[in-house]
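Shown next: query.pdb, containing PDB, C-alpha atoms (C1' of nucleotides).
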ATOM      1  CA  MET A 156      27.434 -12.412 -10.568
ATOM      2  CA  ARG A 157      29.175  -9.133 -10.036
ATOM      3  CA  ARG A 158      32.803  -8.365 -10.061
ATOM      4  CA  ASN A 159      32.161  -5.700  -7.501
ATOM      5  CA  PRO A 160      29.401  -6.838  -5.194
ATOM      6  CA  PRO A 161      27.572  -4.106  -3.281
ATOM      7  CA  LEU A 162      28.111  -3.484   0.388
ATOM      8  CA  PRO A 163      26.213  -5.986   2.511
ATOM      9  CA  THR A 164      23.178  -4.729   4.350
ATOM     10  CA  ASP A 165      22.792  -5.161   8.054
ATOM     11  CA  ALA A 166      21.194  -8.579   8.000
ATOM     12  CA  GLU A 167      23.502  -9.728   5.245
ATOM     13  CA  LEU A 168      26.517  -8.762   7.284
ATOM     14  CA  ARG A 169      25.271 -10.860  10.171
ATOM     15  CA  LEU A 170      25.157 -13.940   7.960
ATOM     16  CA  LEU A 171      28.444 -13.054   6.341
ATOM     17  CA  ARG A 172      30.141 -13.088   9.711
ATOM     18  CA  VAL A 173      28.922 -16.612  10.304
ATOM     19  CA  LEU A 174      30.170 -17.704   6.904
ATOM     20  CA  TRP A 175      33.521 -16.051   7.493
ATOM     21  CA  GLU A 176      33.952 -17.851  10.760
ATOM     22  CA  ARG A 177      32.613 -21.246   9.794
ATOM     23  CA  GLY A 178      33.456 -21.473   6.123
ATOM     24  CA  PRO A 179      30.991 -23.135   3.715
ATOM     25  CA  SER A 180      27.751 -23.923   5.514
ATOM     26  CA  THR A 181      24.208 -25.027   4.870
ATOM     27  CA  VAL A 182      21.263 -22.795   5.594
ATOM     28  CA  ARG A 183      20.559 -24.681   8.767
ATOM     29  CA  GLU A 184      24.127 -24.464   9.954
ATOM     30  CA  VAL A 185      24.153 -20.737   9.408
ATOM     31  CA  GLN A 186      20.900 -20.385  11.289
ATOM     32  CA  ASP A 187      22.146 -22.512  14.164
ATOM     33  CA  HIS A 188      25.314 -20.484  14.532
ATOM     34  CA  LEU A 189      23.744 -17.066  14.550
ATOM     35  CA  PRO A 190      24.280 -15.337  17.875
ATOM     36  CA  GLN A 191      21.153 -15.461  19.951
ATOM     37  CA  SER A 192      20.624 -11.741  19.550
ATOM     38  CA  ASP A 193      20.372 -12.221  15.775
ATOM     39  CA  ALA A 194      18.070 -15.230  15.772
ATOM     40  CA  ALA A 195      15.909 -15.553  12.664
ATOM     41  CA  GLY A 196      13.522 -18.061  11.123
ATOM     42  CA  TYR A 197      14.815 -20.714   8.780
ATOM     43  CA  THR A 198      13.192 -19.292   5.664
ATOM     44  CA  THR A 199      14.428 -15.857   6.579
ATOM     45  CA  VAL A 200      18.004 -17.090   6.563
ATOM     46  CA  LEU A 201      17.363 -18.987   3.352
ATOM     47  CA  LYS A 202      15.885 -15.970   1.615
ATOM     48  CA  LEU A 203      18.744 -13.786   2.738
ATOM     49  CA  LEU A 204      21.327 -16.239   1.457
ATOM     50  CA  GLN A 205      19.513 -16.407  -1.876
ATOM     51  CA  ILE A 206      19.579 -12.635  -2.114
ATOM     52  CA  MET A 207      23.250 -12.600  -1.213
ATOM     53  CA  HIS A 208      23.847 -15.179  -3.911
ATOM     54  CA  ALA A 209      22.051 -13.007  -6.465
ATOM     55  CA  LYS A 210      24.067  -9.970  -5.392
ATOM     56  CA  GLY A 211      27.339 -11.810  -5.612
ATOM     57  CA  LEU A 212      28.006 -11.672  -1.903
ATOM     58  CA  ALA A 213      27.806 -15.447  -1.557
ATOM     59  CA  VAL A 214      28.459 -18.443  -3.734
ATOM     60  CA  ARG A 215      26.703 -21.757  -3.406
ATOM     61  CA  ASP A 216      27.343 -25.360  -4.213
ATOM     62  CA  GLU A 217      24.210 -27.007  -5.552
ATOM     63  CA  SER A 218      25.724 -30.403  -6.223
ATOM     64  CA  SER A 219      23.805 -31.929  -3.358
ATOM     65  CA  ARG A 220      20.184 -31.326  -2.666
ATOM     66  CA  THR A 221      21.094 -29.338   0.412
ATOM     67  CA  HIS A 222      22.906 -26.301  -0.929
ATOM     68  CA  VAL A 223      26.105 -25.130   0.671
ATOM     69  CA  TYR A 224      26.748 -21.424   0.853
ATOM     70  CA  ALA A 225      30.068 -19.654   1.244
ATOM     71  CA  ALA A 226      31.115 -16.040   1.426
ATOM     72  CA  ALA A 227      32.080 -14.688  -1.993
ATOM     73  CA  VAL A 228      33.893 -11.739  -0.481
ATOM     74  CA  PRO A 229      36.827 -11.852   1.932
ATOM     75  CA  PRO A 230      36.286 -10.228   5.304
ATOM     76  CA  GLU A 231      39.128  -7.725   5.050
ATOM     77  CA  ASN A 232      37.993  -6.348   1.721
ATOM     78  CA  THR A 233      34.407  -5.983   2.861
ATOM     79  CA  GLN A 234      35.331  -4.485   6.185
ATOM     80  CA  LYS A 235      37.654  -2.059   4.490
ATOM     81  CA  ARG A 236      34.883  -0.883   2.212
ATOM     82  CA  LEU A 237      32.498  -0.513   5.105
ATOM     83  CA  VAL A 238      35.055   1.623   6.887
ATOM     84  CA  ALA A 239      35.693   3.640   3.733
ATOM     85  CA  ASP A 240      31.982   4.212   3.418
ATOM     86  CA  LEU A 241      31.717   5.541   6.948
ATOM     87  CA  VAL A 242      34.836   7.662   6.537
ATOM     88  CA  GLU A 243      33.221   9.272   3.546
ATOM     89  CA  ARG A 244      29.769   9.765   5.031
ATOM     90  CA  ALA A 245      30.704  10.867   8.512
ATOM     91  CA  PHE A 246      34.190  12.320   8.212
ATOM     92  CA  GLY A 247      34.306  13.710   4.697
ATOM     93  CA  GLY A 248      37.102  11.342   3.798
ATOM     94  CA  ALA A 249      39.411  12.149   6.698
ATOM     95  CA  ALA A 250      40.367   8.689   7.893
ATOM     96  CA  HIS A 251      42.449   9.979  10.765
ATOM     97  CA  ARG A 252      39.360  11.511  12.326
ATOM     98  CA  LEU A 253      37.700   8.119  12.350
ATOM     99  CA  VAL A 254      40.748   6.642  14.021
ATOM    100  CA  LEU A 255      40.658   9.422  16.578
ATOM    101  CA  GLN A 256      37.125   8.446  17.549
ATOM    102  CA  ALA A 257      38.036   4.787  17.602
ATOM    103  CA  LEU A 258      40.767   5.530  20.131
ATOM    104  CA  SER A 259      38.343   6.889  22.713
ATOM    105  CA  PRO A 260      38.202   4.836  25.899
ATOM    106  CA  GLU A 261      34.582   3.817  25.347
ATOM    107  CA  LEU A 262      35.570   2.085  22.156
ATOM    108  CA  ALA A 263      39.083   0.846  22.710
ATOM    109  CA  SER A 264      40.075  -0.925  25.885
ATOM    110  CA  PRO A 265      43.638  -0.538  27.151
ATOM    111  CA  GLU A 266      44.422  -3.887  25.618
ATOM    112  CA  GLU A 267      43.116  -2.773  22.275
ATOM    113  CA  LEU A 268      45.065   0.436  22.533
ATOM    114  CA  ALA A 269      48.169  -1.650  22.993
ATOM    115  CA  ARG A 270      47.323  -3.646  19.886
ATOM    116  CA  ILE A 271      46.767  -0.467  17.953
ATOM    117  CA  ARG A 272      50.154   0.818  19.038
ATOM    118  CA  ALA A 273      51.633  -2.406  17.802
ATOM    119  CA  LEU A 274      49.878  -2.009  14.475
ATOM    120  CA  ILE A 275      51.268   1.468  14.028
ATOM    121  CA  ALA A 276      54.729   0.386  15.006
ATOM    122  CA  ALA A 277      54.607  -2.446  12.501
ATOM    123  CA  LEU A 278      53.662  -0.209   9.590
ATOM    124  CA  PRO A 279      56.151  -0.004   6.742
ATOM    125  CA  ASP A 280      57.865   3.317   6.000
ATOM    126  CA  SER A 281      57.758   4.883   9.394
ATOM    127  CA  SER A 282      59.702   8.026   8.489
ATOM    128  CA  ALA A 283      58.303   9.595   5.332
ATOM    129  CA  GLY A 284      60.046  12.848   5.838
ATOM    130  CA  GLU A 285      58.155  15.601   4.023
ATOM    131  CA  ALA A 286      55.271  15.768   6.456
ATOM    132  CA  GLY A 287      57.855  16.868   8.918
ATOM    133  CA  GLY A 288      57.022  14.846  11.969
ATOM    134  CA  GLU A 289      59.822  12.654  13.154
ATOM    135  CA  GLY A 290      58.946   9.129  13.984
TER
ATOM    136  CA  MET B 815      12.657  15.361  22.567
ATOM    137  CA  ARG B 816      15.067  12.676  23.506
ATOM    138  CA  ARG B 817      17.963  12.751  25.842
ATOM    139  CA  ASN B 818      19.667  10.170  23.687
ATOM    140  CA  PRO B 819      18.791  10.874  20.104
ATOM    141  CA  PRO B 820      19.049   7.961  17.670
ATOM    142  CA  LEU B 821      21.831   7.647  15.164
ATOM    143  CA  PRO B 822      21.247   9.890  12.164
ATOM    144  CA  THR B 823      20.295   8.221   8.920
ATOM    145  CA  ASP B 824      22.221   8.800   5.751
ATOM    146  CA  ALA B 825      20.331  11.867   4.567
ATOM    147  CA  GLU B 826      20.195  13.235   8.094
ATOM    148  CA  LEU B 827      23.935  12.953   8.407
ATOM    149  CA  ARG B 828      24.390  14.958   5.238
ATOM    150  CA  LEU B 829      22.397  17.840   6.698
ATOM    151  CA  LEU B 830      24.060  17.474  10.058
ATOM    152  CA  ARG B 831      27.439  18.015   8.468
ATOM    153  CA  VAL B 832      26.252  21.296   7.004
ATOM    154  CA  LEU B 833      24.907  22.413  10.373
ATOM    155  CA  TRP B 834      28.127  21.412  12.102
ATOM    156  CA  GLU B 835      30.158  23.447   9.672
ATOM    157  CA  ARG B 836      27.927  26.484   9.386
ATOM    158  CA  GLY B 837      26.272  26.669  12.737
ATOM    159  CA  PRO B 838      22.589  27.689  12.989
ATOM    160  CA  SER B 839      21.094  27.973   9.521
ATOM    161  CA  THR B 840      17.784  28.376   7.759
ATOM    162  CA  VAL B 841      16.374  25.700   5.525
ATOM    163  CA  ARG B 842      17.458  27.597   2.469
ATOM    164  CA  GLU B 843      20.963  28.098   3.759
ATOM    165  CA  VAL B 844      21.316  24.414   4.471
ATOM    166  CA  GLN B 845      20.052  23.587   1.006
ATOM    167  CA  ASP B 846      22.410  26.070  -0.625
ATOM    168  CA  HIS B 847      25.415  24.681   1.198
ATOM    169  CA  LEU B 848      24.834  21.038   0.445
ATOM    170  CA  PRO B 849      27.612  19.616  -1.707
ATOM    171  CA  GLN B 850      26.489  19.296  -5.282
ATOM    172  CA  SER B 851      26.501  15.522  -5.026
ATOM    173  CA  ASP B 852      23.901  15.720  -2.269
ATOM    174  CA  ALA B 853      21.604  18.246  -3.902
ATOM    175  CA  ALA B 854      17.969  17.988  -2.808
ATOM    176  CA  GLY B 855      14.748  19.918  -3.258
ATOM    177  CA  TYR B 856      13.805  22.620  -0.814
ATOM    178  CA  THR B 857      10.892  20.769   0.720
ATOM    179  CA  THR B 858      13.027  17.670   1.011
ATOM    180  CA  VAL B 859      15.513  19.541   3.157
ATOM    181  CA  LEU B 860      12.687  21.101   5.135
ATOM    182  CA  LYS B 861      11.016  17.776   5.804
ATOM    183  CA  LEU B 862      14.281  16.222   6.837
ATOM    184  CA  LEU B 863      15.024  19.030   9.263
ATOM    185  CA  GLN B 864      11.541  18.668  10.735
ATOM    186  CA  ILE B 865      12.123  14.963  11.217
ATOM    187  CA  MET B 866      15.496  15.649  12.791
ATOM    188  CA  HIS B 867      13.821  18.133  15.092
ATOM    189  CA  ALA B 868      11.255  15.525  16.123
ATOM    190  CA  LYS B 869      13.989  12.981  16.747
ATOM    191  CA  GLY B 870      16.033  15.356  18.814
ATOM    192  CA  LEU B 871      18.873  15.559  16.344
ATOM    193  CA  ALA B 872      18.255  19.243  15.688
ATOM    194  CA  VAL B 873      16.854  22.215  17.586
ATOM    195  CA  ARG B 874      15.137  25.162  16.019
ATOM    196  CA  ASP B 875      14.511  28.769  16.781
ATOM    197  CA  GLU B 876      10.987  29.757  15.779
ATOM    198  CA  SER B 877      11.142  33.346  17.008
ATOM    199  CA  SER B 878      11.165  34.636  13.491
ATOM    200  CA  ARG B 879       8.959  33.435  10.708
ATOM    201  CA  THR B 880      11.893  31.790   9.003
ATOM    202  CA  HIS B 881      12.967  29.085  11.394
ATOM    203  CA  VAL B 882      16.611  28.604  12.197
ATOM    204  CA  TYR B 883      17.878  25.085  12.740
ATOM    205  CA  ALA B 884      20.972  23.960  14.597
ATOM    206  CA  ALA B 885      22.523  20.618  15.358
ATOM    207  CA  ALA B 886      21.396  19.263  18.704
ATOM    208  CA  VAL B 887      24.224  16.776  18.862
ATOM    209  CA  PRO B 888      27.944  17.533  18.791
ATOM    210  CA  PRO B 889      29.913  16.043  15.919
ATOM    211  CA  GLU B 890      32.383  14.071  18.028
ATOM    212  CA  ASN B 891      29.719  12.329  20.046
ATOM    213  CA  THR B 892      27.731  11.384  16.959
ATOM    214  CA  GLN B 893      30.763  10.268  15.020
ATOM    215  CA  LYS B 894      31.919   8.192  17.933
ATOM    216  CA  ARG B 895      28.589   6.418  18.087
ATOM    217  CA  LEU B 896      28.623   5.794  14.369
ATOM    218  CA  VAL B 897      32.062   4.271  14.692
ATOM    219  CA  ALA B 898      30.966   2.201  17.673
ATOM    220  CA  ASP B 899      28.022   0.941  15.671
ATOM    221  CA  LEU B 900      30.235  -0.184  12.816
ATOM    222  CA  VAL B 901      32.751  -1.739  15.192
ATOM    223  CA  GLU B 902      29.962  -3.795  16.637
ATOM    224  CA  ARG B 903      28.312  -4.814  13.374
ATOM    225  CA  ALA B 904      31.380  -5.493  11.285
ATOM    226  CA  PHE B 905      34.124  -6.338  13.763
ATOM    227  CA  GLY B 906      32.297  -7.899  16.676
ATOM    228  CA  GLY B 907      33.441  -5.137  18.969
ATOM    229  CA  ALA B 908      37.147  -5.338  18.169
ATOM    230  CA  ALA B 909      38.003  -1.687  17.610
ATOM    231  CA  HIS B 910      41.590  -2.416  16.736
ATOM    232  CA  ARG B 911      40.465  -4.349  13.680
ATOM    233  CA  LEU B 912      38.618  -1.326  12.427
ATOM    234  CA  VAL B 913      41.719   0.769  12.916
ATOM    235  CA  LEU B 914      43.723  -1.814  11.031
ATOM    236  CA  GLN B 915      41.450  -1.437   8.013
ATOM    237  CA  ALA B 916      41.523   2.327   8.311
ATOM    238  CA  LEU B 917      45.306   2.217   8.060
ATOM    239  CA  SER B 918      45.267   0.628   4.617
ATOM    240  CA  PRO B 919      46.779   2.830   1.900
ATOM    241  CA  GLU B 920      43.477   3.170   0.032
ATOM    242  CA  LEU B 921      41.959   4.828   3.043
ATOM    243  CA  ALA B 922      44.781   6.709   4.701
ATOM    244  CA  SER B 923      47.198   8.810   2.711
ATOM    245  CA  PRO B 924      50.794   9.070   3.952
ATOM    246  CA  GLU B 925      49.921  12.420   5.442
ATOM    247  CA  GLU B 926      47.008  10.937   7.293
ATOM    248  CA  LEU B 927      49.183   8.117   8.502
ATOM    249  CA  ALA B 928      51.487  10.699   9.933
ATOM    250  CA  ARG B 929      48.585  12.329  11.724
ATOM    251  CA  ILE B 930      47.494   8.993  13.075
ATOM    252  CA  ARG B 931      50.977   8.353  14.378
ATOM    253  CA  ALA B 932      50.826  11.687  16.074
ATOM    254  CA  LEU B 933      47.494  10.792  17.646
ATOM    255  CA  ILE B 934      48.883   7.580  19.022
ATOM    256  CA  ALA B 935      51.984   9.274  20.295
ATOM    257  CA  ALA B 936      49.886  11.857  22.089
ATOM    258  CA  LEU B 937      47.823   9.258  23.927
ATOM    259  CA  PRO B 938      48.292   8.962  27.664
ATOM    260  CA  ASP B 939      50.888   6.322  28.276
ATOM    261  CA  SER B 940      49.411   2.893  28.740
ATOM    262  CA  SER B 941      52.676   1.020  28.548
ATOM    263  CA  ALA B 942      51.580  -1.322  31.331
ATOM    264  CA  GLY B 943      49.154  -2.975  28.937
ATOM    265  CA  GLU B 944      46.780  -5.713  29.925
ATOM    266  CA  ALA B 945      47.104  -6.190  33.631
ATOM    267  CA  GLY B 946      48.556  -2.912  34.556
ATOM    268  CA  GLY B 947      45.758  -0.509  35.173
ATOM    269  CA  GLU B 948      46.779   1.939  37.790
ATOM    270  CA  GLY B 949      44.153   3.316  39.897
TER
ATOM    271  C1'  DC C1063      -7.625  45.070  -0.376
ATOM    272  C1'  DG C1064      -5.637  41.805  -3.815
ATOM    273  C1'  DT C1065      -1.269  39.952  -5.695
ATOM    274  C1'  DT C1066       3.048  37.904  -5.395
ATOM    275  C1'  DG C1067       6.642  35.417  -3.333
ATOM    276  C1'  DT C1068       8.528  32.866   0.568
ATOM    277  C1'  DT C1069       7.988  29.639   4.195
ATOM    278  C1'  DT C1070       5.925  25.947   6.845
ATOM    279  C1'  DA C1071       3.005  21.843   7.225
ATOM    280  C1'  DC C1072       1.071  17.666   5.721
ATOM    281  C1'  DG C1073       0.474  13.573   3.180
ATOM    282  C1'  DA C1074       1.649  10.220   0.037
ATOM    283  C1'  DA C1075       4.406   7.611  -3.290
ATOM    284  C1'  DG C1076       8.459   4.782  -4.341
ATOM    285  C1'  DC C1077      12.126   2.129  -2.891
ATOM    286  C1'  DC C1078      14.716  -1.089  -0.203
ATOM    287  C1'  DC C1079      15.289  -4.178   3.758
ATOM    288  C1'  DT C1080      13.575  -7.674   6.624
ATOM    289  C1'  DT C1081      10.685 -11.205   7.765
ATOM    290  C1'  DC C1082       7.819 -14.930   7.163
ATOM    291  C1'  DG C1083       3.838 -17.956   5.158
ATOM    292  C1'  DT C1084       2.834 -21.114   1.675
ATOM    293  C1'  DA C1085       3.637 -24.113  -2.170
ATOM    294  C1'  DT C1086       6.682 -27.161  -4.563
ATOM    295  C1'  DT C1087      10.321 -30.406  -5.066
ATOM    296  C1'  DG C1088      13.093 -34.332  -3.825
ATOM    297  C1'  DA C1089      14.597 -38.293  -1.001
ATOM    298  C1'  DC C1090      13.562 -42.168   1.664
ATOM    299  C1'  DA C1091      11.112 -45.715   4.495
ATOM    300  C1'  DG C1092       7.462 -48.984   4.592
TER
ATOM    301  C1'  DC D 468       3.365 -46.573  -4.774
ATOM    302  C1'  DT D 469       2.337 -43.601  -0.724
ATOM    303  C1'  DG D 470       3.180 -40.911   3.258
ATOM    304  C1'  DT D 471       6.493 -38.140   5.717
ATOM    305  C1'  DC D 472      10.173 -35.038   6.446
ATOM    306  C1'  DA D 473      13.478 -31.589   4.999
ATOM    307  C1'  DA D 474      14.881 -28.258   1.778
ATOM    308  C1'  DT D 475      14.078 -24.786  -1.889
ATOM    309  C1'  DA D 476      11.475 -21.215  -4.300
ATOM    310  C1'  DC D 477       8.223 -17.638  -4.521
ATOM    311  C1'  DG D 478       5.439 -13.897  -3.176
ATOM    312  C1'  DA D 479       3.875 -10.589  -0.167
ATOM    313  C1'  DA D 480       3.392  -7.819   4.003
ATOM    314  C1'  DG D 481       5.285  -4.405   7.185
ATOM    315  C1'  DG D 482       8.363  -0.811   8.300
ATOM    316  C1'  DG D 483      11.619   2.828   7.570
ATOM    317  C1'  DC D 484      13.936   6.212   4.609
ATOM    318  C1'  DT D 485      13.802   9.564   1.030
ATOM    319  C1'  DT D 486      11.684  12.465  -1.959
ATOM    320  C1'  DC D 487       8.472  15.568  -3.531
ATOM    321  C1'  DG D 488       3.703  17.767  -4.616
ATOM    322  C1'  DT D 489       0.275  20.550  -2.832
ATOM    323  C1'  DA D 490      -2.044  23.393   0.427
ATOM    324  C1'  DA D 491      -2.067  26.781   4.033
ATOM    325  C1'  DA D 492       0.021  30.766   6.605
ATOM    326  C1'  DC D 493       2.330  35.041   6.414
ATOM    327  C1'  DA D 494       4.566  39.388   4.919
ATOM    328  C1'  DA D 495       5.333  43.115   1.716
ATOM    329  C1'  DC D 496       3.952  45.981  -2.008
ATOM    330  C1'  DG D 497       1.190  48.749  -4.928
TER
END
Rewrite the structure of this file - the entire thing - as structure tokens.
Amino acid sequence: MRRNPPLPTDAELRLLRVLWERGPSTVREVQDHLPQSDAAGYTTVLKLLQIMHAKGLAVRDESSRTHVYAAAVPPENTQKRLVADLVERAFGGAAHRLVLQALSPELASPEELARIRALIAALPDSSAGEAGGEG
Amino acid sequence: MRRNPPLPTDAELRLLRVLWERGPSTVREVQDHLPQSDAAGYTTVLKLLQIMHAKGLAVRDESSRTHVYAAAVPPENTQKRLVADLVERAFGGAAHRLVLQALSPELASPEELARIRALIAALPDSSAGEAGGEG
DNA sequence: CGTTGTTTACGAAGCCCTTCGTATTGACAG
DNA sequence: CTGTCAATACGAAGGGCTTCGTAAACAACG
């Protein structure tokens, strides 16, 4: 167990997304609900879940013969750390530059832009003051 | 050569950031300007630059004995693709969810939030929202 | 010409991720 | 008990990334 599990790898993240959506699931259930583009053999999924269990990314209930796995990390926390990691590696820590790229039309549809506007508008403390810009 | 070079790996991105900041540089210059946390041996940097050259991530001028390398990809384009990749892998394509995580206080300082507000405010007006694309 | 120092080129080792094959265990029907 | 089916555990192969050691090419100097 780890208090601070490491960032999930690529394949781990794929399984994590299934667990986040479905909640606790057996190996077979996870395998069956993988998007077709991420299809993998049964033992591959099993092995991955075992690794995730060892890393602290997943917990499992062994009370029945068929183990039931669940995500040990909440999606928001993990996603936030993934974003922080990219901000650091690609933007030297400047989060606003990442947002700038995310706003480009190829990435954000008009609908998503509208949602983003709503997010900004809903932020607490809209007028900080010292930075000078008025809201 | 590739018209569409692949995404840079972790170590490649580190060198790319030096090239983006400094412009065309020799192997030694790149090595000398790596942040201390990313220090690497001379031949490591050389090998990496050769690989980046083969992948189309860097170009080089061989007119003098000491080759001069330069980034073959602009920062914005590369950063955008890195962001798109993460949006796909971690958020199922929902860019606004990535932005939401980027807005969290751990990632964006108040000053950066102000900049982000400014970015949003400067966007072309899409007040029509979902149905309202004008043509 | 030989020496010295710098640069490029090549190859290989070590590590991690991903995938799967095989063996073992357990439950259950006949 | 015995055979069958599903699930777990284990190990290993294959590939990519990262790092570096070593050799070869080249220039400059005495």
What would chain A look like once superposed on chain B, with the fit done by least squares over all C-alpha atoms paired in order? Give it as a compact mmCIF listing (two decimals) with C-alpha atoms, keeping the file's coordinate frame.
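Just written: selection.txt:
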# COMPACT_ATOMS: atom_id res chain seq x y z
CA MET A 156 12.16 15.87 22.19
CA ARG A 157 14.33 12.98 23.19
CA ARG A 158 17.11 12.87 25.64
CA ASN A 159 18.76 10.26 23.50
CA PRO A 160 18.06 11.01 19.87
CA PRO A 161 18.42 8.09 17.46
CA LEU A 162 21.33 7.76 15.10
CA PRO A 163 20.92 9.99 12.06
CA THR A 164 20.10 8.31 8.79
CA ASP A 165 22.18 8.85 5.72
CA ALA A 166 20.41 11.92 4.44
CA GLU A 167 20.10 13.32 7.93
CA LEU A 168 23.82 13.01 8.45
CA ARG A 169 24.45 14.99 5.29
CA LEU A 170 22.41 17.89 6.64
CA LEU A 171 23.91 17.52 10.08
CA ARG A 172 27.37 18.02 8.65
CA VAL A 173 26.28 21.30 7.12
CA LEU A 174 24.78 22.42 10.41
CA TRP A 175 27.91 21.42 12.29
CA GLU A 176 30.07 23.43 9.97
CA ARG A 177 27.89 26.48 9.55
CA GLY A 178 26.06 26.67 12.85
CA PRO A 179 22.39 27.75 12.92
CA SER A 180 21.06 28.04 9.38
CA THR A 181 17.85 28.47 7.46
CA VAL A 182 16.53 25.79 5.17
CA ARG A 183 17.78 27.68 2.17
CA GLU A 184 21.23 28.15 3.63
CA VAL A 185 21.50 24.47 4.35
CA GLN A 186 20.40 23.64 0.84
CA ASP A 187 22.86 26.09 -0.68
CA HIS A 188 25.76 24.68 1.28
CA LEU A 189 25.18 21.04 0.51
CA PRO A 190 28.05 19.60 -1.51
CA GLN A 191 27.09 19.27 -5.12
CA SER A 192 27.05 15.50 -4.87
CA ASP A 193 24.31 15.74 -2.23
CA ALA A 194 22.12 18.29 -3.98
CA ALA A 195 18.43 18.08 -3.08
CA GLY A 196 15.25 20.05 -3.68
CA TYR A 197 14.22 22.77 -1.28
CA THR A 198 11.22 20.93 0.11
CA THR A 199 13.29 17.81 0.51
CA VAL A 200 15.71 19.66 2.76
CA LEU A 201 12.82 21.25 4.60
CA LYS A 202 11.09 17.94 5.18
CA LEU A 203 14.29 16.35 6.38
CA LEU A 204 14.94 19.15 8.84
CA GLN A 205 11.39 18.83 10.15
CA ILE A 206 11.90 15.13 10.67
CA MET A 207 15.20 15.78 12.40
CA HIS A 208 13.44 18.29 14.61
CA ALA A 209 10.80 15.71 15.53
CA LYS A 210 13.49 13.14 16.28
CA GLY A 211 15.45 15.51 18.44
CA LEU A 212 18.40 15.68 16.10
CA ALA A 213 17.86 19.37 15.41
CA VAL A 214 16.41 22.32 17.24
CA ARG A 215 14.79 25.29 15.58
CA ASP A 216 14.13 28.90 16.32
CA GLU A 217 10.68 29.90 15.14
CA SER A 218 10.79 33.47 16.37
CA SER A 219 11.01 34.78 12.84
CA ARG A 220 8.90 33.58 10.00
CA THR A 221 11.92 31.94 8.43
CA HIS A 222 12.87 29.21 10.87
CA VAL A 223 16.47 28.70 11.85
CA TYR A 224 17.68 25.18 12.43
CA ALA A 225 20.67 24.04 14.45
CA ALA A 226 22.15 20.68 15.28
CA ALA A 227 20.84 19.36 18.59
CA VAL A 228 23.65 16.85 18.88
CA PRO A 229 27.38 17.60 18.97
CA PRO A 230 29.46 16.07 16.21
CA GLU A 231 31.80 14.10 18.46
CA ASN A 232 29.01 12.38 20.33
CA THR A 233 27.18 11.45 17.16
CA GLN A 234 30.29 10.30 15.38
CA LYS A 235 31.28 8.24 18.37
CA ARG A 236 27.94 6.49 18.36
CA LEU A 237 28.15 5.84 14.65
CA VAL A 238 31.55 4.28 15.16
CA ALA A 239 30.28 2.26 18.11
CA ASP A 240 27.44 1.03 15.96
CA LEU A 241 29.78 -0.15 13.24
CA VAL A 242 32.16 -1.71 15.76
CA GLU A 243 29.27 -3.72 17.08
CA ARG A 244 27.79 -4.74 13.74
CA ALA A 245 30.95 -5.49 11.82
CA PHE A 246 33.55 -6.32 14.44
CA GLY A 247 31.56 -7.84 17.28
CA GLY A 248 32.63 -5.06 19.59
CA ALA A 249 36.37 -5.31 18.99
CA ALA A 250 37.29 -1.68 18.44
CA HIS A 251 40.92 -2.43 17.74
CA ARG A 252 39.93 -4.41 14.67
CA LEU A 253 38.16 -1.37 13.29
CA VAL A 254 41.26 0.71 13.91
CA LEU A 255 43.33 -1.92 12.15
CA GLN A 256 41.21 -1.53 9.03
CA ALA A 257 41.31 2.23 9.30
CA LEU A 258 45.10 2.11 9.24
CA SER A 259 45.24 0.47 5.82
CA PRO A 260 46.89 2.62 3.17
CA GLU A 261 43.70 2.96 1.14
CA LEU A 262 42.04 4.68 4.04
CA ALA A 263 44.78 6.54 5.83
CA SER A 264 47.31 8.61 3.95
CA PRO A 265 50.82 8.92 5.35
CA GLU A 266 49.84 12.28 6.75
CA GLU A 267 46.87 10.79 8.50
CA LEU A 268 49.00 7.99 9.84
CA ALA A 269 51.24 10.61 11.36
CA ARG A 270 48.25 12.27 12.98
CA ILE A 271 47.09 8.95 14.33
CA ARG A 272 50.51 8.34 15.83
CA ALA A 273 50.25 11.71 17.47
CA LEU A 274 46.84 10.84 18.85
CA ILE A 275 48.15 7.65 20.38
CA ALA A 276 51.16 9.37 21.82
CA ALA A 277 48.95 12.01 23.40
CA LEU A 278 46.71 9.50 25.15
CA PRO A 279 46.71 9.60 28.93
CA ASP A 280 48.03 6.60 30.88
CA SER A 281 50.44 5.21 28.38
CA SER A 282 51.79 2.42 30.58
CA ALA A 283 48.95 0.47 32.17
CA GLY A 284 51.10 -2.39 33.18
CA GLU A 285 48.97 -5.52 33.53
CA ALA A 286 48.48 -6.08 29.83
CA GLY A 287 52.18 -6.58 29.75
CA GLY A 288 53.23 -4.59 26.75
CA GLU A 289 55.71 -1.88 27.52
CA GLY A 290 55.03 1.47 26.04
Name the residues in contact with DA492 (chain D) at a cut-off of 12 Å, using only C-alpha atoms (C1' of nucleotides), excluding same-chain residues fewer than 6 positions from it; report them as a compact mmCIF listing (two decimals) with C-alpha atoms (C1' of nucleotides), in the coordinates of the input.
# COMPACT_ATOMS: atom_id res chain seq x y z
CA ARG B 879 8.96 33.44 10.71
C1' DT C 1068 8.53 32.87 0.57
C1' DT C 1069 7.99 29.64 4.20
C1' DT C 1070 5.92 25.95 6.84
C1' DA C 1071 3.00 21.84 7.22
#### Entry: Test item: chain D residues at most 10 Å from chain A, counting all atoms listed in the file, as a ChimeraX atom specification
/D:473-477
### Query
Can you list, as a ChimeraX atom specification, every protein, DNA or RNA residue that comes within 12 Å of DG1064 (chain C) when you count all atoms listed in the file, leaving out same-chain residues fewer than 2 positions away?
/C:1066 /D:496-497
### Query
So what does the PyMOL selection byres ((chain A and resi 225-231) around 8) actually pick up in this one, as a ChimeraX atom specification?
/A:171,174-175,178-180,211-215,223-224,232-235 /B:915
### Test item: the PyMOL selection byres ((chain A) within 12 of (chain C)) resolved as a count of residues only
19
